[in-house]
file protein.txt (compact mmCIF, C-alpha atoms)
# COMPACT_ATOMS: atom_id res chain seq x y z
CA MET M 1 -69.56 13.89 -34.99
CA GLN M 2 -68.07 10.58 -36.17
CA ASP M 3 -66.54 8.29 -33.60
CA PRO M 4 -62.77 8.22 -34.37
CA THR M 5 -62.57 4.59 -33.27
CA GLN M 6 -64.80 3.64 -36.23
CA ASP M 7 -62.23 4.77 -38.78
CA PRO M 8 -60.50 1.64 -40.22
CA THR M 9 -57.01 3.13 -39.83
CA ASN M 10 -57.67 4.15 -36.25
CA ARG M 11 -59.07 0.71 -35.48
CA LYS M 12 -55.86 -0.85 -36.79
CA LEU M 13 -53.73 1.49 -34.69
CA LEU M 14 -55.81 0.74 -31.60
CA ALA M 15 -55.43 -2.96 -32.32
CA LEU M 16 -51.67 -2.49 -32.65
CA ASP M 17 -51.56 -0.62 -29.33
CA ALA M 18 -53.46 -3.45 -27.61
CA ALA M 19 -51.20 -6.01 -29.27
CA VAL M 20 -48.03 -4.25 -28.09
CA LEU M 21 -49.32 -4.23 -24.52
CA ALA M 22 -50.19 -7.92 -24.80
CA ILE M 23 -46.83 -9.13 -26.11
CA SER M 24 -44.97 -6.95 -23.62
CA GLY M 25 -46.74 -8.68 -20.74
CA ASP M 26 -45.15 -12.08 -21.37
CA LEU M 27 -41.84 -13.04 -19.74
CA SER M 28 -41.71 -16.56 -21.14
CA LEU M 29 -39.83 -16.57 -24.44
CA ALA M 30 -41.99 -19.33 -25.93
CA ASP M 31 -45.21 -17.51 -24.95
CA THR M 32 -43.84 -14.23 -26.32
CA LEU M 33 -43.02 -15.74 -29.73
CA SER M 34 -46.41 -17.46 -29.96
CA ARG M 35 -48.29 -14.28 -29.06
CA ILE M 36 -46.34 -12.24 -31.62
CA VAL M 37 -47.27 -14.66 -34.41
CA LYS M 38 -50.97 -14.66 -33.53
CA THR M 39 -50.98 -10.88 -33.19
CA ALA M 40 -49.39 -10.41 -36.62
CA ALA M 41 -51.99 -12.66 -38.27
CA HIS M 42 -54.81 -10.74 -36.60
CA LEU M 43 -53.48 -7.29 -37.52
CA ALA M 44 -52.93 -8.11 -41.21
CA ASP M 45 -55.99 -10.34 -41.71
CA SER M 46 -53.71 -13.22 -42.65
CA GLN M 47 -54.80 -16.85 -42.84
CA TYR M 48 -51.34 -18.12 -41.96
CA ALA M 49 -48.48 -16.53 -40.06
CA ALA M 50 -45.11 -17.71 -38.81
CA LEU M 51 -42.13 -16.42 -36.88
CA GLY M 52 -38.78 -17.79 -37.94
CA VAL M 53 -35.85 -17.60 -35.52
CA PRO M 54 -32.45 -17.77 -37.24
CA ASN M 55 -29.61 -20.01 -36.08
CA ASP M 56 -26.33 -18.61 -34.73
CA THR M 57 -24.94 -18.00 -38.24
CA GLY M 58 -28.13 -16.35 -39.46
CA GLU M 59 -28.22 -18.54 -42.57
CA PHE M 60 -30.99 -20.96 -41.65
CA LEU M 61 -34.06 -21.11 -39.42
CA ALA M 62 -33.54 -22.76 -36.05
CA GLU M 63 -37.17 -22.34 -34.91
CA PHE M 64 -40.42 -21.85 -36.81
CA ILE M 65 -43.53 -20.91 -34.82
CA THR M 66 -46.80 -20.92 -36.76
CA THR M 67 -50.48 -20.09 -36.47
CA GLY M 68 -53.36 -20.99 -38.78
CA ILE M 69 -52.17 -24.53 -39.46
CA SER M 70 -53.70 -27.22 -37.28
CA GLU M 71 -51.43 -29.54 -35.35
CA ALA M 72 -52.62 -32.51 -37.40
CA ASP M 73 -51.87 -30.74 -40.70
CA ALA M 74 -48.46 -29.63 -39.43
CA VAL M 75 -47.52 -33.24 -38.65
CA ARG M 76 -48.37 -34.31 -42.21
CA ILE M 77 -45.95 -31.78 -43.75
CA SER M 78 -42.72 -33.62 -44.57
CA HIS M 79 -40.35 -31.06 -43.00
CA ARG M 80 -40.34 -27.65 -41.40
CA PRO M 81 -39.04 -24.65 -43.42
CA ARG M 82 -35.28 -24.23 -43.21
CA GLY M 83 -34.97 -20.80 -44.77
CA HIS M 84 -34.76 -21.54 -48.49
CA GLY M 85 -36.59 -19.76 -51.32
CA ILE M 86 -38.76 -16.75 -50.47
CA LEU M 87 -38.23 -17.17 -46.72
CA GLY M 88 -34.49 -17.11 -47.32
CA LEU M 89 -34.71 -13.74 -49.09
CA VAL M 90 -36.12 -12.08 -45.98
CA LEU M 91 -33.82 -14.13 -43.72
CA ARG M 92 -30.56 -13.21 -45.47
CA ASP M 93 -31.34 -9.77 -46.95
CA GLY M 94 -33.02 -8.45 -43.82
CA LEU M 95 -35.53 -6.46 -45.89
CA ALA M 96 -39.32 -6.49 -45.97
CA LEU M 97 -40.85 -8.31 -48.94
CA ARG M 98 -44.44 -8.07 -50.21
CA LEU M 99 -45.69 -10.28 -53.06
CA ARG M 100 -49.05 -10.71 -54.75
CA ASP M 101 -48.25 -14.39 -55.44
CA LEU M 102 -45.12 -15.92 -53.97
CA ARG M 103 -45.38 -18.88 -56.36
CA SER M 104 -44.53 -16.68 -59.35
CA HIS M 105 -41.35 -15.27 -57.81
CA PRO M 106 -38.14 -16.58 -59.43
CA GLN M 107 -36.70 -17.52 -56.02
CA SER M 108 -39.70 -19.65 -55.08
CA VAL M 109 -38.79 -23.30 -54.45
CA GLY M 110 -42.35 -24.57 -54.04
CA PHE M 111 -43.86 -26.36 -51.06
CA PRO M 112 -43.19 -29.77 -49.48
CA PRO M 113 -45.88 -32.48 -49.74
CA ASN M 114 -49.10 -31.90 -47.75
CA HIS M 115 -48.32 -28.18 -47.37
CA PRO M 116 -51.44 -25.94 -47.60
CA PRO M 117 -51.60 -23.72 -50.73
CA MET M 118 -50.34 -20.17 -50.23
CA SER M 119 -50.29 -17.16 -52.54
CA SER M 120 -50.08 -13.59 -51.20
CA PHE M 121 -47.03 -13.02 -48.99
CA LEU M 122 -45.62 -10.45 -46.58
CA GLY M 123 -42.26 -10.91 -44.87
CA VAL M 124 -40.84 -8.49 -42.29
CA PRO M 125 -37.57 -8.84 -40.31
CA ILE M 126 -37.48 -8.37 -36.53
CA VAL M 127 -34.40 -6.32 -35.63
CA ARG M 128 -33.27 -5.01 -32.26
CA LYS M 129 -30.05 -2.99 -31.83
CA ASN M 130 -28.78 -4.17 -35.22
CA ARG M 131 -29.34 -7.80 -34.22
CA ARG M 132 -31.62 -10.07 -36.23
CA LEU M 133 -33.96 -11.73 -33.76
CA GLY M 134 -36.35 -13.29 -36.26
CA ASP M 135 -38.63 -12.79 -39.26
CA LEU M 136 -42.40 -12.54 -39.54
CA TYR M 137 -43.97 -14.33 -42.49
CA LEU M 138 -47.65 -13.84 -43.41
CA THR M 139 -49.51 -15.52 -46.26
CA ASN M 140 -52.99 -15.55 -47.77
CA LYS M 141 -54.57 -12.15 -47.08
CA LEU M 142 -58.19 -12.97 -46.18
CA THR M 143 -59.87 -9.70 -47.19
CA ALA M 144 -57.96 -8.93 -50.39
CA ASP M 145 -55.84 -10.47 -53.12
CA GLU M 146 -52.61 -9.17 -51.61
CA PHE M 147 -51.21 -7.41 -48.56
CA SER M 148 -51.22 -3.62 -48.74
CA ALA M 149 -48.58 -1.03 -47.94
CA GLU M 150 -50.62 -0.25 -44.83
CA ASP M 151 -50.38 -3.91 -43.77
CA GLN M 152 -46.62 -3.79 -44.24
CA LEU M 153 -46.30 -0.61 -42.15
CA LEU M 154 -48.44 -2.10 -39.39
CA ILE M 155 -46.41 -5.31 -39.24
CA GLU M 156 -43.14 -3.35 -39.32
CA LEU M 157 -44.34 -1.36 -36.30
CA LEU M 158 -45.30 -4.61 -34.60
CA ALA M 159 -41.88 -6.09 -35.43
CA ALA M 160 -40.13 -3.14 -33.77
CA HIS M 161 -42.04 -3.75 -30.54
CA ALA M 162 -41.66 -7.51 -30.91
CA GLY M 163 -37.88 -7.07 -30.90
CA VAL M 164 -38.06 -5.39 -27.50
CA ALA M 165 -40.39 -8.08 -26.15
CA ILE M 166 -38.15 -10.91 -27.40
CA GLU M 167 -35.04 -9.28 -25.92
CA ASN M 168 -36.78 -8.78 -22.57
CA ALA M 169 -37.95 -12.40 -22.52
CA ARG M 170 -34.43 -13.64 -23.27
CA LEU M 171 -32.95 -11.40 -20.57
CA TYR M 172 -35.52 -12.70 -18.09
CA GLU M 173 -34.62 -16.31 -18.91
CA ALA M 174 -30.93 -15.46 -18.51
CA VAL M 175 -31.60 -13.90 -15.10
CA GLN M 176 -33.63 -16.95 -14.06
CA THR M 177 -30.78 -19.23 -15.10
CA LEU M 178 -28.30 -17.10 -13.16
CA SER M 179 -30.56 -17.22 -10.10
CA VAL M 180 -30.63 -21.02 -10.27
CA VAL M 181 -26.81 -21.12 -10.46
CA GLU M 182 -26.49 -18.74 -7.50
CA GLU M 183 -28.99 -20.79 -5.49
CA ARG M 184 -27.08 -24.00 -6.21
CA GLN M 185 -23.86 -22.36 -5.06
CA ARG M 186 -25.55 -21.13 -1.88
CA ILE M 187 -26.98 -24.57 -1.15
CA GLY M 188 -23.59 -26.14 -1.79
CA MET M 189 -21.91 -23.76 0.67
CA ASP M 190 -24.65 -24.30 3.25
CA LEU M 191 -24.33 -28.06 2.97
CA HIS M 192 -20.54 -27.92 3.16
CA ASP M 193 -20.44 -25.55 6.12
CA GLY M 194 -23.32 -27.20 7.97
CA VAL M 195 -24.48 -30.72 7.21
CA ILE M 196 -21.23 -32.17 5.83
CA GLN M 197 -19.16 -30.74 8.68
CA SER M 198 -21.65 -32.15 11.20
CA ILE M 199 -21.48 -35.62 9.63
CA TYR M 200 -17.69 -35.41 9.63
CA ALA M 201 -17.75 -34.55 13.36
CA VAL M 202 -20.02 -37.54 14.09
CA GLY M 203 -17.59 -39.76 12.18
CA LEU M 204 -14.68 -38.55 14.32
CA THR M 205 -16.68 -39.21 17.48
CA LEU M 206 -17.47 -42.76 16.36
CA GLU M 207 -13.77 -43.36 15.62
CA TYR M 208 -13.01 -42.29 19.18
CA VAL M 209 -15.74 -44.61 20.51
CA LYS M 210 -14.12 -47.48 18.61
CA ALA M 211 -10.79 -46.69 20.22
CA GLN M 212 -12.36 -46.52 23.70
CA LEU M 213 -14.00 -49.91 23.23
CA GLY M 214 -10.64 -51.30 22.16
CA ASP M 215 -9.18 -50.03 25.42
CA GLY M 216 -12.05 -51.51 27.42
CA ASP M 217 -13.51 -48.13 28.41
CA VAL M 218 -17.15 -49.14 27.97
CA THR M 219 -18.57 -46.36 30.16
CA GLY M 220 -16.66 -43.62 28.30
CA ALA M 221 -17.59 -45.17 24.97
CA ALA M 222 -21.30 -45.17 25.93
CA ASP M 223 -21.14 -41.47 26.86
CA ARG M 224 -19.40 -40.64 23.59
CA LEU M 225 -21.96 -42.69 21.69
CA ASP M 226 -24.81 -40.71 23.26
CA THR M 227 -23.07 -37.52 22.12
CA ALA M 228 -22.73 -38.89 18.60
CA LEU M 229 -26.42 -39.84 18.50
CA ASP M 230 -27.46 -36.34 19.61
CA ALA M 231 -25.25 -34.81 16.93
CA LEU M 232 -26.63 -37.18 14.31
CA ASN M 233 -30.22 -36.28 15.25
CA GLY M 234 -29.32 -32.61 14.91
CA THR M 235 -27.90 -33.28 11.46
CA ILE M 236 -31.10 -35.07 10.47
CA ARG M 237 -33.05 -31.98 11.55
CA ASP M 238 -30.79 -29.81 9.39
CA ILE M 239 -31.28 -32.08 6.38
CA ARG M 240 -35.05 -31.94 6.86
CA ALA M 241 -34.81 -28.15 6.97
CA TYR M 242 -32.97 -28.12 3.63
CA ILE M 243 -35.58 -30.45 2.13
CA LEU M 244 -38.29 -28.05 3.28
CA ASP M 245 -36.37 -25.13 1.77
CA LEU M 246 -36.03 -26.90 -1.58
CA ARG M 247 -39.68 -27.92 -1.86
CA PRO M 248 -41.24 -25.98 -4.77
CA PRO M 249 -43.91 -23.44 -3.78
CA ARG M 250 -47.41 -24.83 -4.22
CA LEU M 251 -50.09 -22.22 -4.61
CA GLU M 252 -51.21 -23.03 -8.14
CA ASN M 253 -54.20 -25.22 -7.30
CA ASP M 254 -54.95 -24.11 -3.74
CA ASP M 255 -56.53 -21.06 -2.22
CA PHE M 256 -54.18 -19.08 0.01
CA SER M 257 -55.52 -20.53 3.25
CA GLY M 258 -55.26 -24.08 1.89
CA ALA M 259 -51.75 -23.46 0.61
CA LEU M 260 -50.58 -22.14 3.99
CA THR M 261 -52.20 -25.08 5.76
CA ARG M 262 -50.36 -27.50 3.47
CA LEU M 263 -47.08 -25.62 3.93
CA LEU M 264 -47.35 -25.78 7.73
CA ALA M 265 -48.25 -29.47 7.63
CA GLU M 266 -45.08 -30.19 5.64
CA PHE M 267 -43.09 -27.94 7.99
CA LYS M 268 -44.38 -29.82 11.02
CA ALA M 269 -43.66 -33.21 9.45
CA ASN M 270 -40.09 -32.25 8.55
CA THR M 271 -39.11 -30.35 11.71
CA LEU M 272 -41.32 -32.00 14.35
CA MET M 273 -42.21 -28.49 15.60
CA GLN M 274 -45.72 -27.47 16.59
CA ALA M 275 -47.04 -25.21 13.81
CA ASP M 276 -50.21 -23.12 14.14
CA LEU M 277 -52.06 -20.96 11.62
CA ARG M 278 -54.46 -18.14 12.47
CA ILE M 279 -56.15 -15.99 9.82
CA GLU M 280 -58.25 -13.08 11.05
CA ALA M 281 -61.79 -13.11 9.69
CA GLY M 282 -62.30 -10.94 6.62
CA THR M 283 -58.59 -10.70 5.75
CA LEU M 284 -58.53 -13.18 2.88
CA GLU M 285 -61.16 -11.15 1.01
CA LEU M 286 -58.78 -8.17 0.94
CA ILE M 287 -55.91 -9.86 -0.95
CA ASN M 288 -55.79 -10.94 -4.57
CA ARG M 289 -53.89 -13.86 -6.10
CA GLY M 290 -50.77 -11.82 -6.83
CA VAL M 291 -50.52 -10.62 -3.23
CA SER M 292 -51.15 -14.13 -1.89
CA GLN M 293 -48.26 -15.43 -4.02
CA VAL M 294 -45.92 -12.89 -2.42
CA LEU M 295 -47.13 -13.67 1.10
CA PHE M 296 -46.81 -17.41 0.51
CA HIS M 297 -43.17 -17.04 -0.55
CA VAL M 298 -42.37 -14.87 2.47
CA ALA M 299 -43.97 -17.43 4.81
CA GLN M 300 -42.01 -20.21 3.14
CA GLU M 301 -38.73 -18.29 3.49
CA ALA M 302 -39.36 -17.40 7.14
CA LEU M 303 -40.32 -20.99 8.03
CA SER M 304 -37.22 -22.26 6.27
CA ASN M 305 -35.04 -19.96 8.41
CA ALA M 306 -36.88 -21.06 11.55
CA ALA M 307 -36.23 -24.70 10.65
CA LYS M 308 -32.53 -24.08 10.06
CA HIS M 309 -31.66 -21.74 12.89
CA SER M 310 -34.28 -21.30 15.59
CA ARG M 311 -34.14 -24.64 17.48
CA ALA M 312 -37.73 -23.77 18.39
CA SER M 313 -40.48 -26.12 19.50
CA ARG M 314 -43.35 -24.00 18.20
CA VAL M 315 -44.03 -21.65 15.28
CA GLU M 316 -47.12 -19.53 14.71
CA VAL M 317 -48.21 -17.95 11.40
CA ARG M 318 -50.82 -15.18 11.57
CA LEU M 319 -52.54 -13.07 8.90
CA VAL M 320 -54.13 -10.01 10.51
CA LYS M 321 -55.42 -6.57 9.55
CA ASP M 322 -56.15 -3.17 11.01
CA ALA M 323 -57.69 -0.04 9.54
CA THR M 324 -54.80 0.70 7.19
CA GLU M 325 -52.59 -2.40 6.85
CA ILE M 326 -52.52 -6.15 6.44
CA SER M 327 -49.74 -8.06 8.16
CA LEU M 328 -48.25 -11.52 7.83
CA VAL M 329 -46.50 -12.52 11.08
CA ILE M 330 -44.30 -15.60 11.59
CA ARG M 331 -43.16 -16.05 15.20
CA ASP M 332 -41.18 -18.85 16.85
CA ASN M 333 -40.18 -19.56 20.46
CA GLY M 334 -36.59 -20.47 19.61
CA ARG M 335 -33.22 -19.22 20.67
CA GLY M 336 -33.46 -15.81 18.95
CA PHE M 337 -30.37 -13.94 17.79
CA VAL M 338 -28.09 -10.96 18.34
CA ILE M 339 -29.34 -8.15 16.09
CA GLU M 340 -25.89 -7.69 14.51
CA ASP M 341 -26.06 -11.29 13.26
CA THR M 342 -29.36 -10.84 11.41
CA GLU M 343 -27.82 -10.46 7.95
CA LEU M 344 -25.55 -13.47 8.52
CA ARG M 345 -28.36 -15.63 9.84
CA PHE M 346 -30.97 -14.86 7.19
CA GLY M 347 -28.56 -14.18 4.32
CA HIS M 348 -30.04 -14.69 0.85
CA GLY M 349 -33.53 -15.24 2.27
CA LEU M 350 -33.58 -11.81 3.93
CA ARG M 351 -32.93 -10.10 0.59
CA ASN M 352 -35.72 -12.14 -1.00
CA MET M 353 -38.20 -11.20 1.71
CA ARG M 354 -37.26 -7.51 1.51
CA ASP M 355 -37.71 -7.53 -2.26
CA ARG M 356 -41.13 -9.13 -1.90
CA ALA M 357 -42.16 -6.57 0.73
CA ALA M 358 -41.10 -3.78 -1.63
CA ALA M 359 -43.24 -5.32 -4.38
CA LEU M 360 -46.29 -4.75 -2.14
CA ALA M 361 -45.16 -1.22 -1.17
CA GLY M 362 -44.82 -2.69 2.31
CA HIS M 363 -42.09 -3.05 4.92
CA LEU M 364 -40.41 -6.04 6.53
CA SER M 365 -39.30 -6.19 10.15
CA ILE M 366 -37.37 -8.93 11.94
CA GLU M 367 -37.14 -8.90 15.71
CA GLY M 368 -35.33 -11.40 17.86
CA ARG M 369 -33.93 -11.64 21.38
CA LEU M 370 -31.62 -14.30 22.69
CA GLY M 371 -33.70 -17.02 24.29
CA LYS M 372 -36.96 -15.24 23.42
CA GLY M 373 -37.55 -16.32 19.82
CA THR M 374 -37.86 -14.46 16.52
CA GLU M 375 -40.67 -12.59 14.78
CA VAL M 376 -40.79 -11.87 11.04
CA LYS M 377 -43.48 -9.37 10.06
CA LEU M 378 -44.46 -8.16 6.60
CA SER M 379 -46.98 -5.28 6.59
CA PHE M 380 -48.42 -3.62 3.50
CA PRO M 381 -51.20 -1.07 2.81
CA ARG M 382 -54.79 -2.19 2.40
CA THR M 383 -56.29 -1.46 -1.01
CA ASP M 384 -59.96 -2.14 -0.34
call {"tool": "encode", "arguments": {"input": "protein.txt", "output": "structure tokens"}}
result
Amino acid sequence: MQDPTQDPTNRKLLALDAAVLAISGDLSLADTLSRIVKTAAHLADSQYAALGVPNDTGEFLAEFITTGISEADAVRISHRPRGHGILGLVLRDGLALRLRDLRSHPQSVGFPPNHPPMSSFLGVPIVRKNRRLGDLYLTNKLTADEFSAEDQLLIELLAAHAGVAIENARLYEAVQTLSVVEERQRIGMDLHDGVIQSIYAVGLTLEYVKAQLGDGDVTGAADRLDTALDALNGTIRDIRAYILDLRPPRLENDDFSGALTRLLAEFKANTLMQADLRIEAGTLELINRGVSQVLFHVAQEALSNAAKHSRASRVEVRLVKDATEISLVIRDNGRGFVIEDTELRFGHGLRNMRDRAAALAGHLSIEGRLGKGTEVKLSFPRTD
């Protein structure tokens, strides 16, 4: 019995299926566009391929992503395509176009200097919900004199999936932008309600000290000055906590243990708290890079909250395991909190940590008692 995967048509369909999975895995718009172009060239056996993204009016090309042309050759071409000639037909008509030799078409406008020679052509629009997202252009079929109807069908199927991938990537970028705006607003409110108000209070105290010195009350002025210095030192601690919170996560070039060690060293330097790390033997081998990213962000969020609110002198981070679960525990010896105030105290960070726990099919618990400190614990199932 013949293996169905050896049939040329089936091989193409399997390649299309793999390509769809590949382009759907990217969230970066630039990476998505680049992967679509390379996938199209591979599926249709094309020497050159490009993806043109139209401008807001849809009349010209705003972006042109290519494959098959070296970077050095691309630099020598006098200008990038703008959407004239054959490319413009696909761009403005929104219909697929297949030509044996694009140079013989009456709409052909030729090539700019230093452009590689091209003959066979296949152009397919990328449409999603009646919106033109781009056009795929393929030239120079490598295994035949022209692109076939099967090639066109395959690229049209790819274009349909590419439209979904492009839309998802754009939505992801929009969400990321919105998250940045929300974070800026949160930081602005935190600074206004905390640091700025504290500095303002110190300023009022110093004005009062000035008045006391004018009246000759040196003793009272000295007491007030001590109060102002204490308040100023507290404000400095708050500013350091915000700096720690704004530091970008750094796990790219470190192993998880090294990244946590670096994070705690920065935490200690900024807060002047004692910070200890304990990782139970054999635990690191049970977590992959994706899980370690999640745990690192949770540790960073919990430490940031400890720096802002705990007034602790010591923080301990532990990574432990039992027969069924792995747990990340961050515990401080600070002032704790009333349980009803948990949402107010942790705010945006609590939602982030809960979301990250859910991503691991785990659960997050936060326990605190007034004067007894706070413990943040993320536990998730082992998947040995």
call {"tool": "residues_near_point", "arguments": {"input": "protein.txt", "point": "(-37.7, -15.1, -2.5)", "cutoff": "8 Å", "atoms": "only C-alpha atoms", "output": "number ranges by chain"}}
result
M: 297-298, 301, 349, 351-353, 355-356
call {"tool": "closest_residue", "arguments": {"input": "protein.txt", "among": "M:Arg237, M:Arg131, M:Arg100, M:Arg76", "to": "Gly58 (chain M)", "atoms": "all atoms listed in the file"}}
result
M:Arg131
call {"tool": "closest_residue", "arguments": {"input": "protein.txt", "among": "M:Glu367, M:Glu285, M:Glu146, M:Asp151", "to": "His42 (chain M)", "atoms": "only C-alpha atoms"}}
result
M:Asp151
call {"tool": "atom_distance", "arguments": {"input": "protein.txt", "atom1": "CA of Tyr48 (chain M)", "atom2": "CA of Gly94 (chain M)"}}
result
20.8 Å
call {"tool": "residues_near_point", "arguments": {"input": "protein.txt", "point": "(-52.3, -9.5, -40.0)", "cutoff": "12 Å", "atoms": "all atoms listed in the file", "output": "PyMOL selection string"}}
result
chain M and resi 12+15-16+19+36-50+67-68+121-124+136-144+146-148+150-159
call {"tool": "write_last_selection", "arguments": {"input": "protein.txt", "atoms": "C-alpha atoms", "output": "PDB file, keeping the file's coordinate frame"}}
result
ATOM      1  CA  LYS M  12     -55.860  -0.850 -36.790  1.00  0.00           C
ATOM      2  CA  ALA M  15     -55.430  -2.960 -32.320  1.00  0.00           C
ATOM      3  CA  LEU M  16     -51.670  -2.490 -32.650  1.00  0.00           C
ATOM      4  CA  ALA M  19     -51.200  -6.010 -29.270  1.00  0.00           C
ATOM      5  CA  ILE M  36     -46.340 -12.240 -31.620  1.00  0.00           C
ATOM      6  CA  VAL M  37     -47.270 -14.660 -34.410  1.00  0.00           C
ATOM      7  CA  LYS M  38     -50.970 -14.660 -33.530  1.00  0.00           C
ATOM      8  CA  THR M  39     -50.980 -10.880 -33.190  1.00  0.00           C
ATOM      9  CA  ALA M  40     -49.390 -10.410 -36.620  1.00  0.00           C
ATOM     10  CA  ALA M  41     -51.990 -12.660 -38.270  1.00  0.00           C
ATOM     11  CA  HIS M  42     -54.810 -10.740 -36.600  1.00  0.00           C
ATOM     12  CA  LEU M  43     -53.480  -7.290 -37.520  1.00  0.00           C
ATOM     13  CA  ALA M  44     -52.930  -8.110 -41.210  1.00  0.00           C
ATOM     14  CA  ASP M  45     -55.990 -10.340 -41.710  1.00  0.00           C
ATOM     15  CA  SER M  46     -53.710 -13.220 -42.650  1.00  0.00           C
ATOM     16  CA  GLN M  47     -54.800 -16.850 -42.840  1.00  0.00           C
ATOM     17  CA  TYR M  48     -51.340 -18.120 -41.960  1.00  0.00           C
ATOM     18  CA  ALA M  49     -48.480 -16.530 -40.060  1.00  0.00           C
ATOM     19  CA  ALA M  50     -45.110 -17.710 -38.810  1.00  0.00           C
ATOM     20  CA  THR M  67     -50.480 -20.090 -36.470  1.00  0.00           C
ATOM     21  CA  GLY M  68     -53.360 -20.990 -38.780  1.00  0.00           C
ATOM     22  CA  PHE M 121     -47.030 -13.020 -48.990  1.00  0.00           C
ATOM     23  CA  LEU M 122     -45.620 -10.450 -46.580  1.00  0.00           C
ATOM     24  CA  GLY M 123     -42.260 -10.910 -44.870  1.00  0.00           C
ATOM     25  CA  VAL M 124     -40.840  -8.490 -42.290  1.00  0.00           C
ATOM     26  CA  LEU M 136     -42.400 -12.540 -39.540  1.00  0.00           C
ATOM     27  CA  TYR M 137     -43.970 -14.330 -42.490  1.00  0.00           C
ATOM     28  CA  LEU M 138     -47.650 -13.840 -43.410  1.00  0.00           C
ATOM     29  CA  THR M 139     -49.510 -15.520 -46.260  1.00  0.00           C
ATOM     30  CA  ASN M 140     -52.990 -15.550 -47.770  1.00  0.00           C
ATOM     31  CA  LYS M 141     -54.570 -12.150 -47.080  1.00  0.00           C
ATOM     32  CA  LEU M 142     -58.190 -12.970 -46.180  1.00  0.00           C
ATOM     33  CA  THR M 143     -59.870  -9.700 -47.190  1.00  0.00           C
ATOM     34  CA  ALA M 144     -57.960  -8.930 -50.390  1.00  0.00           C
ATOM     35  CA  GLU M 146     -52.610  -9.170 -51.610  1.00  0.00           C
ATOM     36  CA  PHE M 147     -51.210  -7.410 -48.560  1.00  0.00           C
ATOM     37  CA  SER M 148     -51.220  -3.620 -48.740  1.00  0.00           C
ATOM     38  CA  GLU M 150     -50.620  -0.250 -44.830  1.00  0.00           C
ATOM     39  CA  ASP M 151     -50.380  -3.910 -43.770  1.00  0.00           C
ATOM     40  CA  GLN M 152     -46.620  -3.790 -44.240  1.00  0.00           C
ATOM     41  CA  LEU M 153     -46.300  -0.610 -42.150  1.00  0.00           C
ATOM     42  CA  LEU M 154     -48.440  -2.100 -39.390  1.00  0.00           C
ATOM     43  CA  ILE M 155     -46.410  -5.310 -39.240  1.00  0.00           C
ATOM     44  CA  GLU M 156     -43.140  -3.350 -39.320  1.00  0.00           C
ATOM     45  CA  LEU M 157     -44.340  -1.360 -36.300  1.00  0.00           C
ATOM     46  CA  LEU M 158     -45.300  -4.610 -34.600  1.00  0.00           C
ATOM     47  CA  ALA M 159     -41.880  -6.090 -35.430  1.00  0.00           C
TER      48      ALA M 159
END
call {"tool": "residues_around", "arguments": {"input": "protein.txt", "residues": "Gly368 (chain M)", "least_positions_apart": "2", "cutoff": "6 Å", "atoms": "all atoms listed in the file", "output": "mmCIF file with C-alpha atoms, in the frame of the given file"}}
result
data_model
loop_
_atom_site.group_PDB
_atom_site.id
_atom_site.type_symbol
_atom_site.label_atom_id
_atom_site.label_comp_id
_atom_site.auth_asym_id
_atom_site.auth_seq_id
_atom_site.Cartn_x
_atom_site.Cartn_y
_atom_site.Cartn_z
ATOM 1 C CA GLY M 336 -33.460 -15.810 18.950
ATOM 2 C CA PHE M 337 -30.370 -13.940 17.790
ATOM 3 C CA GLY M 373 -37.550 -16.320 19.820
ATOM 4 C CA THR M 374 -37.860 -14.460 16.520
#
call {"tool": "atom_distance", "arguments": {"input": "protein.txt", "atom1": "CA of Pro381 (chain M)", "atom2": "CA of Glu316 (chain M)"}}
result
22.3 Å
call {"tool": "closest_residue", "arguments": {"input": "protein.txt", "among": "M:Arg92, M:His79, M:Arg354, M:Arg224", "to": "Phe60 (chain M)", "atoms": "all atoms listed in the file"}}
result
M:Arg92
call {"tool": "residues_around", "arguments": {"input": "protein.txt", "residues": "Leu264 (chain M)", "least_positions_apart": "5", "cutoff": "10 Å", "atoms": "only C-alpha atoms", "output": "list in words"}}
result
Gly258, Ala259, Ala269, Asn270, Met273, Gln274, Ala275, Asp276, Leu277, Ala299, Gln300, Leu303, Val315, Glu316 and Val317 of chain M
call {"tool": "residues_around", "arguments": {"input": "protein.txt", "residues": "Glu207 (chain M)", "least_positions_apart": "4", "cutoff": "12 Å", "atoms": "only C-alpha atoms", "output": "PyMOL selection string"}}
result
chain M and resi 200-203+211-214+221+224-225+228
call {"tool": "atom_distance", "arguments": {"input": "protein.txt", "atom1": "CA of Arg98 (chain M)", "atom2": "CA of Asp145 (chain M)"}}
result
12.0 Å
call {"tool": "residues_around", "arguments": {"input": "protein.txt", "residues": "Gly282 (chain M)", "least_positions_apart": "3", "cutoff": "10 Å", "atoms": "only C-alpha atoms", "output": "list in words"}}
result
Ile279, Glu285, Leu286, Ile287, Val320 and Lys321 of chain M
call {"tool": "write_last_selection", "arguments": {"input": "protein.txt", "atoms": "C-alpha atoms", "output": "mmCIF file, keeping the file's coordinate frame"}}
result
data_model
loop_
_atom_site.group_PDB
_atom_site.id
_atom_site.type_symbol
_atom_site.label_atom_id
_atom_site.label_comp_id
_atom_site.auth_asym_id
_atom_site.auth_seq_id
_atom_site.Cartn_x
_atom_site.Cartn_y
_atom_site.Cartn_z
ATOM 1 C CA ILE M 279 -56.150 -15.990 9.820
ATOM 2 C CA GLU M 285 -61.160 -11.150 1.010
ATOM 3 C CA LEU M 286 -58.780 -8.170 0.940
ATOM 4 C CA ILE M 287 -55.910 -9.860 -0.950
ATOM 5 C CA VAL M 320 -54.130 -10.010 10.510
ATOM 6 C CA LYS M 321 -55.420 -6.570 9.550
#
